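File shown: target_37.tsv (TSV, C-alpha atoms).
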chain	number	residue	atom	x	y	z
A	1	MET	CA	12.01	-16.23	-11.96
A	2	ASP	CA	12.52	-14.11	-15.09
A	3	ASP	CA	9.03	-12.61	-14.73
A	4	GLU	CA	9.82	-11.65	-11.15
A	5	GLN	CA	13.07	-10.00	-12.17
A	6	GLU	CA	11.32	-7.88	-14.77
A	7	GLN	CA	8.98	-6.42	-12.17
A	8	PRO	CA	10.08	-3.06	-10.70
A	9	PRO	CA	11.06	-3.21	-7.04
A	10	GLU	CA	8.25	-2.48	-4.59
A	11	HIS	CA	10.59	-0.53	-2.35
A	12	GLY	CA	11.88	2.99	-3.03
A	13	PRO	CA	15.45	3.70	-4.16
A	14	LEU	CA	16.40	4.82	-0.65
A	15	ALA	CA	14.79	1.90	1.20
A	16	GLY	CA	17.20	0.41	3.71
A	17	PHE	CA	19.19	3.62	4.03
A	18	THR	CA	19.18	6.12	6.92
A	19	VAL	CA	19.71	9.79	6.13
A	20	GLY	CA	20.45	12.58	8.59
A	21	VAL	CA	18.79	15.97	8.05
A	22	THR	CA	20.48	19.03	9.59
A	23	ALA	CA	18.10	21.64	8.16
A	24	ALA	CA	16.21	24.01	10.43
A	25	ARG	CA	14.09	25.49	7.64
A	26	ARG	CA	12.08	23.27	5.27
A	27	ALA	CA	13.21	20.20	7.21
A	28	ASP	CA	9.73	18.66	7.05
A	29	GLU	CA	9.70	19.03	3.28
A	30	LEU	CA	13.12	17.44	2.88
A	31	GLY	CA	12.26	14.64	5.32
A	32	ALA	CA	9.02	13.88	3.46
A	33	LEU	CA	10.85	13.72	0.12
A	34	LEU	CA	13.37	11.25	1.58
A	35	GLU	CA	10.76	9.09	3.32
A	36	ARG	CA	8.62	8.96	0.18
A	37	ARG	CA	11.58	7.25	-1.51
A	38	GLY	CA	11.97	4.75	1.32
A	39	ALA	CA	14.65	6.31	3.54
A	40	ALA	CA	14.60	6.34	7.32
A	41	VAL	CA	15.24	9.92	8.46
A	42	LEU	CA	17.03	11.21	11.55
A	43	HIS	CA	16.23	14.91	11.93
A	44	ALA	CA	18.48	17.13	14.01
A	45	PRO	CA	18.26	20.87	13.27
A	46	ALA	CA	21.81	22.11	13.70
A	47	LEU	CA	20.67	25.74	13.92
A	48	ARG	CA	17.80	28.01	14.76
A	49	ILE	CA	16.89	31.25	13.03
A	50	VAL	CA	16.52	34.54	14.89
A	51	PRO	CA	13.06	35.95	14.01
A	52	LEU	CA	13.38	38.90	11.67
A	53	ALA	CA	11.23	41.33	13.60
A	54	ASP	CA	13.39	40.83	16.70
A	55	ASP	CA	16.69	41.49	14.94
A	56	SER	CA	18.05	44.92	15.84
A	57	GLU	CA	20.86	44.65	13.27
A	58	LEU	CA	18.36	44.35	10.42
A	59	LEU	CA	16.39	47.32	11.72
A	60	ALA	CA	19.53	49.44	11.87
A	61	ALA	CA	20.56	48.44	8.32
A	62	THR	CA	17.05	49.17	7.00
A	63	LYS	CA	17.01	52.67	8.53
A	64	ASP	CA	20.50	53.31	7.15
A	65	LEU	CA	19.46	52.39	3.59
A	66	ILE	CA	16.28	54.47	3.78
A	67	GLY	CA	18.33	57.44	4.95
A	68	ARG	CA	21.12	56.94	2.38
A	69	VAL	CA	19.84	55.16	-0.70
A	70	PRO	CA	22.27	52.65	-2.28
A	71	ASP	CA	23.18	52.61	-5.95
A	72	ILE	CA	22.86	48.83	-6.22
A	73	ALA	CA	21.10	46.17	-4.16
A	74	VAL	CA	21.99	42.48	-4.36
A	75	ALA	CA	19.23	40.03	-3.31
A	76	THR	CA	20.45	36.52	-2.51
A	77	THR	CA	17.47	34.47	-1.25
A	78	ALA	CA	13.72	34.65	-1.78
A	79	ILE	CA	12.84	33.91	1.84
A	80	GLY	CA	15.34	36.50	2.99
A	81	PHE	CA	14.09	39.24	0.67
A	82	ARG	CA	10.44	38.56	1.55
A	83	GLY	CA	11.32	38.48	5.22
A	84	TRP	CA	13.13	41.81	4.96
A	85	VAL	CA	10.10	43.49	3.40
A	86	GLU	CA	7.74	41.88	5.94
A	87	ALA	CA	9.95	42.93	8.85
A	88	ALA	CA	10.12	46.48	7.50
A	89	ASP	CA	6.32	46.50	7.31
A	90	GLY	CA	6.18	45.42	10.93
A	91	TRP	CA	8.37	48.35	11.92
A	92	GLY	CA	6.26	50.78	9.86
A	93	LEU	CA	9.10	51.22	7.37
A	94	GLY	CA	7.86	49.00	4.53
A	95	GLU	CA	6.59	51.72	2.20
A	96	ASP	CA	9.69	53.85	2.70
A	97	LEU	CA	11.98	50.88	1.99
A	98	LEU	CA	10.18	49.91	-1.23
A	99	ALA	CA	10.06	53.53	-2.38
A	100	ARG	CA	13.86	53.78	-2.03
A	101	LEU	CA	14.47	50.43	-3.74
A	102	ARG	CA	12.37	51.40	-6.77
A	103	GLY	CA	15.14	53.74	-7.85
A	104	VAL	CA	17.92	51.23	-7.23
A	105	ARG	CA	19.57	48.76	-9.63
A	106	ILE	CA	18.62	45.35	-8.20
A	107	LEU	CA	20.58	42.18	-8.98
A	108	ALA	CA	18.95	38.85	-8.09
A	109	ARG	CA	20.88	35.63	-7.54
A	110	GLY	CA	18.26	33.32	-9.10
A	111	PRO	CA	14.66	32.80	-10.26
A	112	LYS	CA	13.15	32.38	-6.78
A	113	VAL	CA	14.65	35.69	-5.70
A	114	LYS	CA	13.34	37.33	-8.88
A	115	GLY	CA	9.86	36.14	-7.96
A	116	ALA	CA	10.14	37.66	-4.48
A	117	ILE	CA	11.40	40.95	-5.90
A	118	ARG	CA	8.53	41.19	-8.37
A	119	ALA	CA	5.97	40.19	-5.74
A	120	ALA	CA	7.11	43.26	-3.80
A	121	GLY	CA	6.35	45.45	-6.82
A	122	LEU	CA	9.99	45.87	-7.82
A	123	THR	CA	11.94	44.83	-10.91
A	124	GLU	CA	15.39	43.30	-11.04
A	125	GLU	CA	17.92	44.54	-13.54
A	126	TRP	CA	19.73	41.23	-14.02
A	127	SER	CA	20.04	37.69	-12.72
A	128	PRO	CA	22.65	35.02	-13.64
A	129	ALA	CA	21.46	31.80	-15.23
A	130	SER	CA	23.90	29.89	-13.00
A	131	GLU	CA	22.39	31.18	-9.72
A	132	SER	CA	26.00	31.80	-8.72
A	133	MET	CA	27.11	34.65	-6.51
A	134	ALA	CA	30.50	34.41	-8.21
A	135	GLU	CA	28.86	35.41	-11.49
A	136	VAL	CA	27.10	38.32	-9.77
A	137	LEU	CA	30.46	39.46	-8.40
A	138	ASP	CA	32.15	39.14	-11.80
A	139	ARG	CA	29.47	41.31	-13.42
A	140	LEU	CA	29.77	44.02	-10.77
A	141	LEU	CA	33.54	44.12	-10.97
A	142	GLU	CA	33.51	44.22	-14.79
A	143	GLU	CA	31.11	47.19	-14.73
A	144	GLY	CA	33.14	48.92	-12.02
A	145	VAL	CA	31.96	49.71	-8.51
A	146	ASP	CA	34.40	52.39	-7.40
A	147	GLY	CA	32.53	54.99	-5.36
A	148	LEU	CA	29.21	53.09	-5.44
A	149	ARG	CA	27.13	52.24	-2.38
A	150	ILE	CA	26.00	48.61	-2.58
A	151	ALA	CA	23.49	46.87	-0.30
A	152	VAL	CA	24.04	43.11	-0.04
A	153	GLN	CA	21.30	41.00	1.49
A	154	LEU	CA	23.15	38.51	3.67
A	155	HIS	CA	21.45	35.20	4.36
A	156	GLY	CA	23.27	33.52	7.20
A	157	GLU	CA	25.78	31.80	4.93
A	158	PRO	CA	29.30	32.93	4.10
A	159	LEU	CA	29.80	34.75	0.81
A	160	PRO	CA	33.49	33.95	0.33
A	161	GLY	CA	35.33	37.02	-0.88
A	162	PHE	CA	32.17	38.72	-2.14
A	163	VAL	CA	31.98	41.69	0.20
A	164	GLU	CA	35.78	41.91	0.47
A	165	SER	CA	36.20	42.01	-3.32
A	166	LEU	CA	33.64	44.79	-3.71
A	167	ARG	CA	35.30	46.86	-1.00
A	168	ALA	CA	38.73	46.28	-2.53
A	169	ALA	CA	37.33	47.61	-5.82
A	170	GLY	CA	36.27	50.86	-4.12
A	171	ALA	CA	32.62	50.17	-3.21
A	172	GLU	CA	30.94	51.04	0.05
A	173	VAL	CA	29.15	47.82	1.06
A	174	VAL	CA	26.21	47.75	3.46
A	175	GLY	CA	25.39	44.27	4.72
A	176	VAL	CA	21.71	43.55	5.30
A	177	PRO	CA	21.59	40.67	7.84
A	178	VAL	CA	18.12	39.37	7.04
A	179	TYR	CA	18.27	36.55	9.55
A	180	ARG	CA	20.92	35.15	11.83
A	181	TRP	CA	21.74	31.58	12.70
A	182	LEU	CA	22.27	30.50	16.30
A	183	PRO	CA	22.89	27.05	17.83
A	184	PRO	CA	19.68	25.12	18.62
A	185	GLU	CA	18.23	25.55	22.08
A	186	ASP	CA	17.99	21.76	22.45
A	187	LEU	CA	21.32	20.13	21.61
A	188	GLY	CA	20.03	16.59	22.21
A	189	PRO	CA	19.05	15.86	18.57
A	190	VAL	CA	22.36	17.24	17.26
A	191	ASP	CA	24.30	15.09	19.70
A	192	ARG	CA	22.31	12.03	18.61
A	193	LEU	CA	23.09	12.85	14.97
A	194	VAL	CA	26.81	13.19	15.73
A	195	ASP	CA	26.78	9.89	17.65
A	196	ALA	CA	24.89	8.11	14.85
A	197	THR	CA	27.34	9.42	12.26
A	198	VAL	CA	30.38	8.37	14.29
A	199	ALA	CA	28.82	4.92	14.80
A	200	ARG	CA	28.19	4.65	11.02
A	201	ALA	CA	24.48	4.19	11.77
A	202	LEU	CA	23.78	6.74	9.03
A	203	ASP	CA	24.42	6.31	5.33
A	204	ALA	CA	24.32	10.02	4.48
A	205	VAL	CA	23.93	13.42	6.10
A	206	THR	CA	22.27	16.25	4.18
A	207	PHE	CA	23.26	19.90	4.53
A	208	THR	CA	21.20	22.79	3.17
A	209	SER	CA	23.23	25.67	4.62
A	210	ALA	CA	26.87	26.30	5.40
A	211	PRO	CA	26.10	27.44	8.97
A	212	ALA	CA	24.43	24.08	9.65
A	213	ALA	CA	27.54	22.24	8.49
A	214	ALA	CA	29.78	24.53	10.56
A	215	SER	CA	27.50	24.15	13.59
A	216	LEU	CA	27.58	20.34	13.42
A	217	LEU	CA	31.38	20.35	13.23
A	218	ALA	CA	31.60	22.82	16.11
A	219	ARG	CA	29.32	20.73	18.32
A	220	ALA	CA	31.36	17.61	17.61
A	221	GLY	CA	34.47	19.58	18.56
A	222	GLU	CA	32.89	20.67	21.86
A	223	ARG	CA	32.27	17.01	22.69
A	224	GLY	CA	35.76	15.88	21.67
A	225	LEU	CA	34.36	13.93	18.71
A	226	LEU	CA	35.49	16.09	15.79
A	227	ASP	CA	38.20	13.70	14.57
A	228	ASP	CA	35.77	10.77	14.82
A	229	LEU	CA	33.09	12.70	12.93
A	230	LEU	CA	35.52	13.74	10.18
A	231	ALA	CA	36.70	10.13	9.84
A	232	ALA	CA	33.12	8.92	9.41
A	233	LEU	CA	32.20	11.64	6.90
A	234	GLY	CA	35.47	11.09	5.07
A	235	HIS	CA	35.00	7.39	4.41
A	236	ASP	CA	31.67	5.82	5.32
A	237	VAL	CA	28.92	8.44	5.61
A	238	LEU	CA	28.09	10.46	2.50
A	239	SER	CA	27.95	14.26	2.87
A	240	ALA	CA	25.28	15.60	0.51
A	241	CYS	CA	25.12	19.39	0.19
A	242	VAL	CA	22.51	21.45	-1.62
A	243	GLY	CA	25.20	23.57	-3.27
A	244	PRO	CA	28.89	24.58	-3.30
A	245	VAL	CA	28.57	27.37	-0.71
A	246	THR	CA	26.94	24.95	1.72
A	247	ALA	CA	29.82	22.51	1.21
A	248	LEU	CA	32.59	24.98	2.12
A	249	PRO	CA	32.91	24.23	5.88
A	250	LEU	CA	33.13	20.50	5.12
A	251	GLN	CA	35.56	20.86	2.24
A	252	ALA	CA	37.75	23.09	4.41
A	253	ARG	CA	38.13	20.04	6.68
A	254	GLY	CA	39.05	17.79	3.76
A	255	ILE	CA	35.62	16.15	3.43
A	256	ASP	CA	34.51	15.24	-0.08
A	257	THR	CA	30.89	16.19	-0.75
A	258	VAL	CA	28.32	15.59	-3.48
A	259	GLN	CA	26.04	18.33	-4.79
A	260	PRO	CA	23.24	18.43	-7.37
A	261	GLU	CA	23.57	20.56	-10.49
A	262	ARG	CA	20.51	22.58	-9.46
A	263	PHE	CA	20.70	23.87	-5.91
A	264	ARG	CA	17.25	22.67	-4.76
A	265	LEU	CA	15.86	20.09	-2.35
A	266	GLY	CA	14.32	17.94	-5.10
A	267	PRO	CA	17.58	17.52	-7.04
A	268	LEU	CA	19.40	16.89	-3.74
A	269	VAL	CA	17.08	13.95	-3.00
A	270	GLN	CA	17.41	12.69	-6.58
A	271	LEU	CA	21.19	12.77	-6.15
A	272	LEU	CA	20.93	10.59	-3.05
A	273	CYS	CA	18.66	8.18	-4.94
A	274	ARG	CA	21.49	7.71	-7.44
A	275	GLU	CA	24.47	7.78	-5.08
A	276	LEU	CA	23.47	5.63	-2.12
A	277	PRO	CA	22.47	2.46	-4.05
A	278	THR	CA	25.81	2.56	-5.87
A	279	ARG	CA	27.63	2.58	-2.52
A	280	ALA	CA	25.82	-0.57	-1.33
A	281	ARG	CA	27.79	-3.82	-1.49
A	282	ALA	CA	26.25	-6.26	-4.03
A	283	LEU	CA	27.29	-9.93	-4.06
A	284	PRO	CA	26.21	-13.18	-5.75
A	285	VAL	CA	25.58	-15.56	-2.85
A	286	ALA	CA	24.11	-19.09	-2.92
A	287	GLY	CA	22.33	-18.45	-6.21
A	288	HIS	CA	20.91	-15.12	-5.01
A	289	ARG	CA	21.92	-11.52	-5.50
A	290	ILE	CA	22.21	-9.66	-2.22
A	291	GLU	CA	22.72	-5.93	-1.81
A	292	ILE	CA	23.83	-4.77	1.66
A	293	ARG	CA	22.32	-1.41	2.57
A	294	GLY	CA	22.45	0.58	5.79
A	295	HIS	CA	19.78	-1.20	7.86
A	296	ALA	CA	18.39	-3.70	5.35
A	297	VAL	CA	19.39	-6.20	2.70
A	298	VAL	CA	17.90	-6.51	-0.77
A	299	VAL	CA	17.66	-10.20	-1.69
A	300	ASP	CA	16.76	-10.76	-5.34
A	301	GLY	CA	15.04	-7.39	-5.41
A	302	ALA	CA	13.08	-7.91	-2.17
A	303	LEU	CA	13.85	-5.63	0.77
A	304	LYS	CA	14.63	-7.48	4.02
A	305	PRO	CA	14.92	-5.32	7.16
A	306	VAL	CA	17.68	-6.62	9.44
A	307	PRO	CA	18.32	-5.84	13.16
A	308	PRO	CA	21.46	-3.79	13.92
A	309	ALA	CA	23.34	-6.79	15.34
A	310	GLY	CA	22.60	-8.79	12.19
A	311	MET	CA	23.81	-5.95	9.98
A	312	SER	CA	27.06	-5.82	11.95
A	313	LEU	CA	27.62	-9.54	11.38
A	314	LEU	CA	26.73	-9.31	7.70
A	315	ARG	CA	29.15	-6.43	7.12
A	316	ALA	CA	31.91	-8.38	8.84
A	317	LEU	CA	31.21	-11.40	6.61
A	318	SER	CA	30.97	-9.30	3.46
A	319	ARG	CA	34.41	-7.78	3.98
A	320	ARG	CA	35.79	-11.25	3.13
A	321	PRO	CA	33.02	-12.92	1.12
A	322	GLY	CA	33.49	-16.67	0.78
A	323	TRP	CA	36.10	-16.78	3.54
A	324	VAL	CA	35.50	-18.16	7.01
A	325	VAL	CA	35.23	-15.46	9.69
A	326	PRO	CA	35.94	-16.76	13.23
A	327	ARG	CA	33.32	-16.41	15.94
A	328	ALA	CA	35.70	-14.30	18.04
A	329	GLU	CA	36.03	-11.77	15.23
A	330	LEU	CA	32.27	-11.69	14.71
A	331	LEU	CA	31.79	-11.19	18.45
A	332	ARG	CA	34.00	-8.08	18.30
A	333	ALA	CA	31.83	-6.78	15.44
A	334	LEU	CA	28.65	-6.96	17.52
A	335	PRO	CA	27.64	-3.63	19.10
A	336	GLY	CA	28.01	-3.75	22.88
A	337	ALA	CA	28.85	-7.46	22.90
A	338	GLY	CA	30.58	-9.05	25.85
A	339	ARG	CA	32.75	-12.15	25.79
A	340	ASP	CA	30.09	-14.83	25.29
A	341	GLU	CA	30.25	-16.21	21.75
A	342	HIS	CA	26.69	-17.45	22.23
A	343	ALA	CA	25.69	-13.87	21.37
A	344	VAL	CA	27.04	-14.50	17.87
A	345	GLU	CA	24.87	-17.61	17.46
A	346	THR	CA	21.77	-15.74	18.63
A	347	ALA	CA	22.38	-12.77	16.32
A	348	MET	CA	23.20	-15.10	13.43
A	349	ALA	CA	19.93	-17.00	13.86
A	350	ARG	CA	18.01	-13.73	13.75
A	351	LEU	CA	20.00	-12.58	10.71
A	352	ARG	CA	19.21	-15.75	8.80
A	353	ALA	CA	15.53	-15.47	9.70
A	354	ALA	CA	15.47	-11.84	8.54
A	355	LEU	CA	17.11	-12.69	5.21
A	356	GLY	CA	14.61	-15.47	4.55
A	357	ALA	CA	17.28	-17.58	2.84
A	358	PRO	CA	19.25	-19.59	5.44
A	359	LYS	CA	21.76	-20.96	2.93
A	360	LEU	CA	23.22	-17.50	2.28
A	361	ILE	CA	25.39	-17.94	5.38
A	362	GLN	CA	27.14	-21.23	6.03
A	363	THR	CA	28.23	-22.54	9.42
A	364	VAL	CA	31.76	-23.94	9.41
A	365	VAL	CA	31.93	-26.26	12.41
A	366	LYS	CA	34.39	-25.21	15.15
A	367	ARG	CA	35.65	-22.34	12.97
A	368	GLY	CA	32.97	-19.72	12.30
A	369	TYR	CA	30.73	-18.60	9.47
A	370	ARG	CA	31.08	-17.63	5.82
A	371	LEU	CA	29.01	-16.01	3.11
A	372	ALA	CA	28.27	-18.73	0.55
A	373	LEU	CA	29.76	-16.81	-2.35
A	374	ASP	CA	28.91	-18.35	-5.72
A	375	PRO	CA	31.88	-20.33	-7.14
A	376	ALA	CA	32.03	-18.21	-10.30
A	377	ALA	CA	32.67	-15.16	-8.13
A	378	ASP	CA	35.49	-16.70	-6.09
A	379	THR	CA	38.27	-15.30	-8.27
A	380	LYS	CA	36.71	-11.85	-8.28
A	381	TYR	CA	36.24	-11.60	-4.53
A	382	GLY	CA	38.82	-14.06	-3.24
A	383	ASP	CA	41.35	-11.36	-2.45
A	384	GLY	CA	38.75	-9.44	-0.37

Could you render the structure as C-alpha cells?
Amino acid sequence: MDDEQEQPPEHGPLAGFTVGVTAARRADELGALLERRGAAVLHAPALRIVPLADDSELLAATKDLIGRVPDIAVATTAIGFRGWVEAADGWGLGEDLLARLRGVRILARGPKVKGAIRAAGLTEEWSPASESMAEVLDRLLEEGVDGLRIAVQLHGEPLPGFVESLRAAGAEVVGVPVYRWLPPEDLGPVDRLVDATVARALDAVTFTSAPAAASLLARAGERGLLDDLLAALGHDVLSACVGPVTALPLQARGIDTVQPERFRLGPLVQLLCRELPTRARALPVAGHRIEIRGHAVVVDGALKPVPPAGMSLLRALSRRPGWVVPRAELLRALPGAGRDEHAVETAMARLRAALGAPKLIQTVVKRGYRLALDPAADTKYGDG
C-alpha cells in the first residue's frame, strides 16, 4: 500500500472537474491547456469580435491620426496593435500610419505589445514591468499631459478612469477602437453555460476579457437568471479571471474572483490546478481517503468517474458524513427525480459500482444511507 501511495497520480490535477470557457479568442488554446491537465471543458464564447477591416470607427480614427499626428501613443495589446497596422495596410494607409508613428512617443503596456511595436519597425519609449495600465497612467500624469494629443489603442475592455483622467489633466485623447465586441450570433452555447453554472454542474468559469464577463451577466439577466447565476458564482462555482481588469464586471456584482500574478493563459490554468483540488471535499471513509470532485471521486489516489445522479447522492451524504441521511432527503437531491424512492436505490447501486468500494456507503435498514466515516474522524466531522 505504501508503494502505491508513493506513486504520482495517473490523472491530471484537474481530472474530475468541469471548467467553463467564455473566451472568443484563443479559446482552443485555453481549452487544450485545461484538457491536458484532465479537466472537462464546456466552451461558450460569450462574445464575437468585429473584423478590423470592416470597422468604420477604426478607419476614421486612423485617418484622423494621420492627418493630425499625436504627441504620444499608448499601445495596450499585441493583437490589437498588429491588427491596427494590418487593417491600415488593407486600406492603403499602412505606410502613412507607420511614418507618423515613428515620430511619436510610444508607451507599451507589456512585453507582448513591445514585440508587436518592434515588429512594425517602431520603438517604444517605455513599458511598465507590472503590465499595468494604472502604472502607465501614473507615469503620464507625473510627466504632465496638459495640451498634449494622446492616442490610446482601445481593446474592447474598459480602461477604468484612464481616458477620463488624461482628459481631466488637460490632454486631448483620441481613442483607437482596434476591435469591438458584440454578443455571439449563436446564443445557445452561452445559455447552456449559464444553465450549467446555475445547476452547479461546473466547478469553475474562466474569463479572459471584461466584455465576456459583462456579456455573460447580461445574458443571464435577459433570461431572468442573473440572481441565480450570481448565487452560483458567489458560493459554489469559482470565477477565474486572467487579470484584474477582466474581473471588474464580476467584482462590481460582489463576486470574489481569483487571478494569476502574470496575466497569461498558462498561469491562469496553473492557478486552477492549485485552487480546484483544494476546494474538493476530502474525507477518511472505511479505511480509504476519498476526494469528492465535480464529476468524479478520487479514491486512494485513483480517479473514479461517477454519473451525475451518483454525484448528487454523494454530495448529500458528504454534507453530514457519518450521519444517516433518509431516503426521502436523498430523493430530493436527485436531479429530476419523482416520488419513487426506488430511484435512490438504483442510483446508489450505480454509485457504489462506480466507486469500486461498496463499503464506503452503508445501508441503514428502514432509515437511509450513511458515509462510513472512520471512527477517528467522528469528532472532527460529527457536527457537519

When distances are computed from only C-alpha atoms, which of A:Asp64, A:Met348, A:Thr208, A:Cys241 shows the smallest separation from Val173 in chain A? A:Asp64

Which residue is closest to Val152 in chain A? Choose from A:Arg109, A:Arg100, A:Lys359, A:Arg264 and count only C-alpha atoms. A:Arg109

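Closest approach to Ala372 in chain A among A:His342, A:Arg289, A:Arg262, A:His11: A:Arg289, based on all atoms listed in the file.
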
List as an NGL selection string the residues having at least one atom at most 12 Å from position (30.3, 22.0, 20.9) as given in the file, counting all atoms listed in the file. :A and (46 or 183-184 or 187-188 or 190-191 or 194 or 214-226)

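With all atoms listed in the file as the basis for measurement, A:Val242 is the residue among A:Arg319, A:Lys112, A:Val242, A:Gly368 that approaches Gly266 in chain A most closely.
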
For Glu35 in chain A, the nearest of the candidates A:Ala196, A:Cys273, A:Ala78, A:Ala212, counting all atoms listed in the file: A:Cys273

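Distances from A:Leu248, A:Ala120, A:Ala296, A:Val285 to Ser209 in chain A were compared using only C-alpha atoms, and the smallest one belongs to A:Leu248.
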
Could you pull range 131-155 of chain A out of the structure just shown and give N, CA and C atoms as a compact mmCIF listing (two decimals), in the first residue's frame?
# COMPACT_ATOMS: atom_id res chain seq x y z
N GLU A 131 2.98 45.49 -16.27
CA GLU A 131 1.98 45.34 -17.32
C GLU A 131 0.66 45.98 -16.91
N SER A 132 0.75 47.01 -16.09
CA SER A 132 -0.45 47.65 -15.55
C SER A 132 -0.73 48.97 -16.24
N MET A 133 -1.97 49.15 -16.68
CA MET A 133 -2.35 50.42 -17.27
C MET A 133 -2.36 51.53 -16.23
N ALA A 134 -2.56 51.15 -14.96
CA ALA A 134 -2.52 52.16 -13.89
C ALA A 134 -1.12 52.77 -13.80
N GLU A 135 -0.09 51.94 -14.00
CA GLU A 135 1.27 52.48 -13.94
C GLU A 135 1.55 53.36 -15.15
N VAL A 136 1.00 53.00 -16.31
CA VAL A 136 1.14 53.85 -17.49
C VAL A 136 0.50 55.21 -17.23
N LEU A 137 -0.69 55.19 -16.65
CA LEU A 137 -1.40 56.43 -16.35
C LEU A 137 -0.60 57.28 -15.36
N ASP A 138 -0.09 56.64 -14.30
CA ASP A 138 0.69 57.39 -13.30
C ASP A 138 1.88 58.09 -13.95
N ARG A 139 2.56 57.39 -14.85
CA ARG A 139 3.74 57.99 -15.49
C ARG A 139 3.34 59.20 -16.33
N LEU A 140 2.26 59.07 -17.10
CA LEU A 140 1.82 60.18 -17.94
C LEU A 140 1.42 61.38 -17.10
N LEU A 141 0.69 61.14 -16.02
CA LEU A 141 0.23 62.25 -15.20
C LEU A 141 1.40 62.92 -14.47
N GLU A 142 2.40 62.13 -14.05
CA GLU A 142 3.57 62.70 -13.39
C GLU A 142 4.36 63.59 -14.34
N GLU A 143 4.45 63.17 -15.60
CA GLU A 143 5.19 63.96 -16.60
C GLU A 143 4.40 65.20 -17.03
N GLY A 144 3.07 65.10 -16.93
CA GLY A 144 2.23 66.21 -17.36
C GLY A 144 1.75 66.03 -18.79
N VAL A 145 0.45 66.14 -18.99
CA VAL A 145 -0.11 65.91 -20.33
C VAL A 145 -0.94 67.09 -20.81
N ASP A 146 -0.90 68.19 -20.09
CA ASP A 146 -1.72 69.34 -20.46
C ASP A 146 -1.35 69.82 -21.87
N GLY A 147 -2.35 69.88 -22.74
CA GLY A 147 -2.12 70.36 -24.10
C GLY A 147 -1.62 69.31 -25.07
N LEU A 148 -1.37 68.09 -24.60
CA LEU A 148 -0.86 67.03 -25.48
C LEU A 148 -2.00 66.25 -26.12
N ARG A 149 -1.72 65.77 -27.32
CA ARG A 149 -2.68 64.91 -28.05
C ARG A 149 -2.20 63.46 -27.89
N ILE A 150 -3.04 62.63 -27.29
CA ILE A 150 -2.65 61.27 -26.95
C ILE A 150 -3.58 60.28 -27.63
N ALA A 151 -3.00 59.34 -28.38
CA ALA A 151 -3.77 58.26 -29.00
C ALA A 151 -3.72 57.05 -28.07
N VAL A 152 -4.88 56.51 -27.74
CA VAL A 152 -4.95 55.33 -26.86
C VAL A 152 -5.61 54.19 -27.63
N GLN A 153 -4.83 53.13 -27.84
CA GLN A 153 -5.37 51.96 -28.52
C GLN A 153 -6.31 51.22 -27.57
N LEU A 154 -7.59 51.30 -27.84
CA LEU A 154 -8.58 50.59 -27.03
C LEU A 154 -8.60 49.12 -27.47
N HIS A 155 -9.05 48.25 -26.58
CA HIS A 155 -9.00 46.83 -26.93
C HIS A 155 -10.24 46.08 -26.46
